[in-house]
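S.K.: Shown below is the structure under consideration.
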Amino acid sequence: MIGWRAGGVGRRWGAVGEPGLDLLPALGPFRVAAGLARRLRAVYLDKDSLAGDLVDAALELVGRRAGGREDDPTYLERLMPAEYKALFATAADNLRLGLPIVLDAPFAAYLGNPDFLTVSADRASWPAGAPVVVVEVRASAETVRTRLTQRGLPRDRAKLADWPAFWQRLGAQACAWSGARHIVVDNDTQPDLDAVVRLAGKIGQGPLPAFY
């Protein structure tokens, strides 16, 4: 699983030989997730593609600002958990078909919860026994801020409006998830994704079906 955190952590999965999963955040980590999915010939699932328009529609229906997320209690307390539940459920559908998976999502709100990955997978009834590798995609504060500015999405406005507070809250987070092994990727430069795939295959015994 690959993702990112402000401050610079990301995670994502892919699969080699058996069903696997890859979770990854947006921004720069997108290119990491997409690149791994290509190399692994994995199903690529992006949280915003799956649920972004539905989230904006739901916010508008309750009189909230479309694109308002990190600063909106309705999103944080009701919609965001539903997004991730749908993402893990869609992953489970593909895993049960024997397909490797790459999930693309920020996961920032959940990085500090050691049980997030295992609990979410259990709730979605993922097939048991697939080893998981978490690929932590790290980037500097300046790199993340530049990429958020360049992509120009409405949901990033609250982050950029008070960047020091946003970075202080999320930038120093470490990925505390249990139930997986971890690889760190520096995304300030162009990462060697072939090397990531090779390294993941050397961790533990035998090929690994998943990258985080």
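All residue names refer to the structure tokens as shown: chains lettered A, B, ... in order, residues numbered from 1 in each chain, ligands numbered from 1 in order.
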With the cut-off set at 12 Å and counting only C-alpha atoms, tabulate each residue of range 101-144 of chain A with an atom at most that distance from an atom of range 38-49 of chain A, showing the nearest atom pair and its distance in Å to one decimal, ordered by chain and increasing number, as CSV.
M.R.:
```
residue,atom,partner,partner_atom,distance
A:Ile101,CA,A:Val43,CA,4.6
A:Val102,CA,A:Tyr44,CA,4.7
A:Leu103,CA,A:Leu45,CA,4.7
A:Asp104,CA,A:Asp46,CA,4.4
A:Ala105,CA,A:Lys47,CA,5.4
A:Pro106,CA,A:Lys47,CA,8.6
A:Phe107,CA,A:Lys47,CA,10.0
```
S.K.: Residues near Ala161 in chain A, anyone? I mean within 12 Å using only C-alpha atoms, not counting same-chain ones fewer than 5 positions away, as a VMD selection string.
M.R.: chain A and resid 70 to 71 145 148 to 149 154 to 156 166 to 167
S.K.: So, with only C-alpha atoms as the atoms that count, which of A:Val119, A:Ala130, A:Leu54, A:Val197 lies closest to Gly98 in chain A?
M.R.: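 That would be A:Ala130, the residue with the smallest distance to Gly98 in chain A.
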S.K.: Name the closest residue to Glu136 in chain A among the candidates A:Asp186, A:Glu83, A:Asp115, A:Asp194; distances are taken between atoms, counting only C-alpha atoms.
M.R.: A:Asp186
S.K.: Could you pull out the strand (DSSP E or B) residues of range 20-212 of chain A, going by DSSP on the backbone, and write them as a PDB file with N, CA, C and O atoms, in the first residue's frame?
M.R.:
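Generated output (result25.pdb):
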```
ATOM      1  N   LEU A  21      -2.542  -6.191  -2.512  1.00  0.00           N
ATOM      2  CA  LEU A  21      -3.204  -4.902  -2.490  1.00  0.00           C
ATOM      3  C   LEU A  21      -2.205  -3.804  -2.349  1.00  0.00           C
ATOM      4  O   LEU A  21      -1.197  -3.955  -1.709  1.00  0.00           O
ATOM      5  N   ASP A  22      -2.499  -2.651  -2.945  1.00  0.00           N
ATOM      6  CA  ASP A  22      -1.613  -1.520  -2.844  1.00  0.00           C
ATOM      7  C   ASP A  22      -2.421  -0.277  -2.525  1.00  0.00           C
ATOM      8  O   ASP A  22      -3.319   0.052  -3.263  1.00  0.00           O
ATOM      9  N   LEU A  23      -2.098   0.392  -1.441  1.00  0.00           N
ATOM     10  CA  LEU A  23      -2.781   1.624  -1.061  1.00  0.00           C
ATOM     11  C   LEU A  23      -1.828   2.778  -1.181  1.00  0.00           C
ATOM     12  O   LEU A  23      -0.723   2.694  -0.695  1.00  0.00           O
ATOM     13  N   LEU A  24      -2.292   3.863  -1.725  1.00  0.00           N
ATOM     14  CA  LEU A  24      -1.374   4.954  -1.962  1.00  0.00           C
ATOM     15  C   LEU A  24      -2.082   6.286  -2.004  1.00  0.00           C
ATOM     16  O   LEU A  24      -3.225   6.340  -2.380  1.00  0.00           O
ATOM     17  N   VAL A  43      -4.812  -4.242 -10.472  1.00  0.00           N
ATOM     18  CA  VAL A  43      -5.989  -3.372 -10.513  1.00  0.00           C
ATOM     19  C   VAL A  43      -5.661  -2.102  -9.730  1.00  0.00           C
ATOM     20  O   VAL A  43      -5.171  -2.163  -8.605  1.00  0.00           O
ATOM     21  N   TYR A  44      -5.917  -0.939 -10.328  1.00  0.00           N
ATOM     22  CA  TYR A  44      -5.618   0.344  -9.695  1.00  0.00           C
ATOM     23  C   TYR A  44      -6.931   0.995  -9.245  1.00  0.00           C
ATOM     24  O   TYR A  44      -7.819   1.259 -10.061  1.00  0.00           O
ATOM     25  N   LEU A  45      -7.062   1.249  -7.942  1.00  0.00           N
ATOM     26  CA  LEU A  45      -8.276   1.831  -7.375  1.00  0.00           C
ATOM     27  C   LEU A  45      -7.932   3.143  -6.673  1.00  0.00           C
ATOM     28  O   LEU A  45      -7.196   3.148  -5.689  1.00  0.00           O
ATOM     29  N   ASP A  46      -8.463   4.233  -7.180  1.00  0.00           N
ATOM     30  CA  ASP A  46      -8.217   5.557  -6.605  1.00  0.00           C
ATOM     31  C   ASP A  46      -9.450   5.993  -5.812  1.00  0.00           C
ATOM     32  O   ASP A  46     -10.574   5.979  -6.331  1.00  0.00           O
ATOM     33  N   ILE A 101      -4.039  -5.788  -6.381  1.00  0.00           N
ATOM     34  CA  ILE A 101      -4.710  -4.501  -6.246  1.00  0.00           C
ATOM     35  C   ILE A 101      -3.734  -3.405  -5.833  1.00  0.00           C
ATOM     36  O   ILE A 101      -2.834  -3.630  -5.043  1.00  0.00           O
ATOM     37  N   VAL A 102      -3.939  -2.209  -6.380  1.00  0.00           N
ATOM     38  CA  VAL A 102      -3.261  -1.004  -5.898  1.00  0.00           C
ATOM     39  C   VAL A 102      -4.334  -0.011  -5.480  1.00  0.00           C
ATOM     40  O   VAL A 102      -5.186   0.364  -6.292  1.00  0.00           O
ATOM     41  N   LEU A 103      -4.331   0.388  -4.221  1.00  0.00           N
ATOM     42  CA  LEU A 103      -5.279   1.386  -3.723  1.00  0.00           C
ATOM     43  C   LEU A 103      -4.581   2.730  -3.598  1.00  0.00           C
ATOM     44  O   LEU A 103      -3.503   2.815  -3.010  1.00  0.00           O
ATOM     45  N   ASP A 104      -5.196   3.777  -4.110  1.00  0.00           N
ATOM     46  CA  ASP A 104      -4.616   5.116  -4.076  1.00  0.00           C
ATOM     47  C   ASP A 104      -5.483   6.016  -3.214  1.00  0.00           C
ATOM     48  O   ASP A 104      -6.613   6.326  -3.575  1.00  0.00           O
ATOM     49  N   VAL A 133       3.070  -5.432   2.191  1.00  0.00           N
ATOM     50  CA  VAL A 133       4.224  -4.559   2.381  1.00  0.00           C
ATOM     51  C   VAL A 133       3.753  -3.121   2.268  1.00  0.00           C
ATOM     52  O   VAL A 133       3.109  -2.750   1.299  1.00  0.00           O
ATOM     53  N   VAL A 134       4.065  -2.292   3.243  1.00  0.00           N
ATOM     54  CA  VAL A 134       3.718  -0.877   3.203  1.00  0.00           C
ATOM     55  C   VAL A 134       4.888  -0.103   2.617  1.00  0.00           C
ATOM     56  O   VAL A 134       5.984  -0.119   3.169  1.00  0.00           O
ATOM     57  N   VAL A 135       4.661   0.548   1.498  1.00  0.00           N
ATOM     58  CA  VAL A 135       5.665   1.403   0.885  1.00  0.00           C
ATOM     59  C   VAL A 135       5.379   2.833   1.337  1.00  0.00           C
ATOM     60  O   VAL A 135       4.379   3.423   0.924  1.00  0.00           O
ATOM     61  N   GLU A 136       6.204   3.374   2.205  1.00  0.00           N
ATOM     62  CA  GLU A 136       6.011   4.723   2.744  1.00  0.00           C
ATOM     63  C   GLU A 136       6.668   5.735   1.811  1.00  0.00           C
ATOM     64  O   GLU A 136       7.878   5.822   1.729  1.00  0.00           O
ATOM     65  N   VAL A 137       5.851   6.509   1.118  1.00  0.00           N
ATOM     66  CA  VAL A 137       6.336   7.492   0.156  1.00  0.00           C
ATOM     67  C   VAL A 137       6.520   8.820   0.875  1.00  0.00           C
ATOM     68  O   VAL A 137       5.547   9.429   1.312  1.00  0.00           O
ATOM     69  N   ARG A 138       7.749   9.262   1.007  1.00  0.00           N
ATOM     70  CA  ARG A 138       8.048  10.464   1.781  1.00  0.00           C
ATOM     71  C   ARG A 138       8.431  11.616   0.875  1.00  0.00           C
ATOM     72  O   ARG A 138       9.106  11.434  -0.138  1.00  0.00           O
ATOM     73  N   ARG A 181       4.757  -5.221   6.433  1.00  0.00           N
ATOM     74  CA  ARG A 181       6.154  -4.812   6.423  1.00  0.00           C
ATOM     75  C   ARG A 181       6.282  -3.514   5.644  1.00  0.00           C
ATOM     76  O   ARG A 181       5.437  -3.207   4.814  1.00  0.00           O
ATOM     77  N   HIS A 182       7.347  -2.740   5.891  1.00  0.00           N
ATOM     78  CA  HIS A 182       7.445  -1.373   5.381  1.00  0.00           C
ATOM     79  C   HIS A 182       8.697  -1.152   4.540  1.00  0.00           C
ATOM     80  O   HIS A 182       9.781  -1.603   4.903  1.00  0.00           O
ATOM     81  N   ILE A 183       8.525  -0.414   3.439  1.00  0.00           N
ATOM     82  CA  ILE A 183       9.624   0.077   2.606  1.00  0.00           C
ATOM     83  C   ILE A 183       9.445   1.589   2.495  1.00  0.00           C
ATOM     84  O   ILE A 183       8.328   2.072   2.323  1.00  0.00           O
ATOM     85  N   VAL A 184      10.540   2.359   2.571  1.00  0.00           N
ATOM     86  CA  VAL A 184      10.490   3.817   2.479  1.00  0.00           C
ATOM     87  C   VAL A 184      10.974   4.256   1.106  1.00  0.00           C
ATOM     88  O   VAL A 184      12.020   3.810   0.631  1.00  0.00           O
ATOM     89  N   VAL A 185      10.203   5.155   0.461  1.00  0.00           N
ATOM     90  CA  VAL A 185      10.552   5.699  -0.850  1.00  0.00           C
ATOM     91  C   VAL A 185      10.627   7.222  -0.740  1.00  0.00           C
ATOM     92  O   VAL A 185       9.696   7.851  -0.247  1.00  0.00           O
ATOM     93  N   ASP A 186      11.736   7.818  -1.199  1.00  0.00           N
ATOM     94  CA  ASP A 186      11.899   9.276  -1.228  1.00  0.00           C
ATOM     95  C   ASP A 186      11.292   9.804  -2.519  1.00  0.00           C
ATOM     96  O   ASP A 186      11.775   9.512  -3.611  1.00  0.00           O
ATOM     97  N   PHE A 211       1.921  -4.483  -1.888  1.00  0.00           N
ATOM     98  CA  PHE A 211       2.709  -3.320  -1.504  1.00  0.00           C
ATOM     99  C   PHE A 211       1.798  -2.321  -0.816  1.00  0.00           C
ATOM    100  O   PHE A 211       0.713  -2.054  -1.306  1.00  0.00           O
TER     101      PHE A 211
END
```
S.K.: Rounded to one decimal in Å, what is the spacing between CA of Gly179 in chain A and CA of Gly35 in chain A?
M.R.: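 Distance reported for this atom pair: 24.0 Å.
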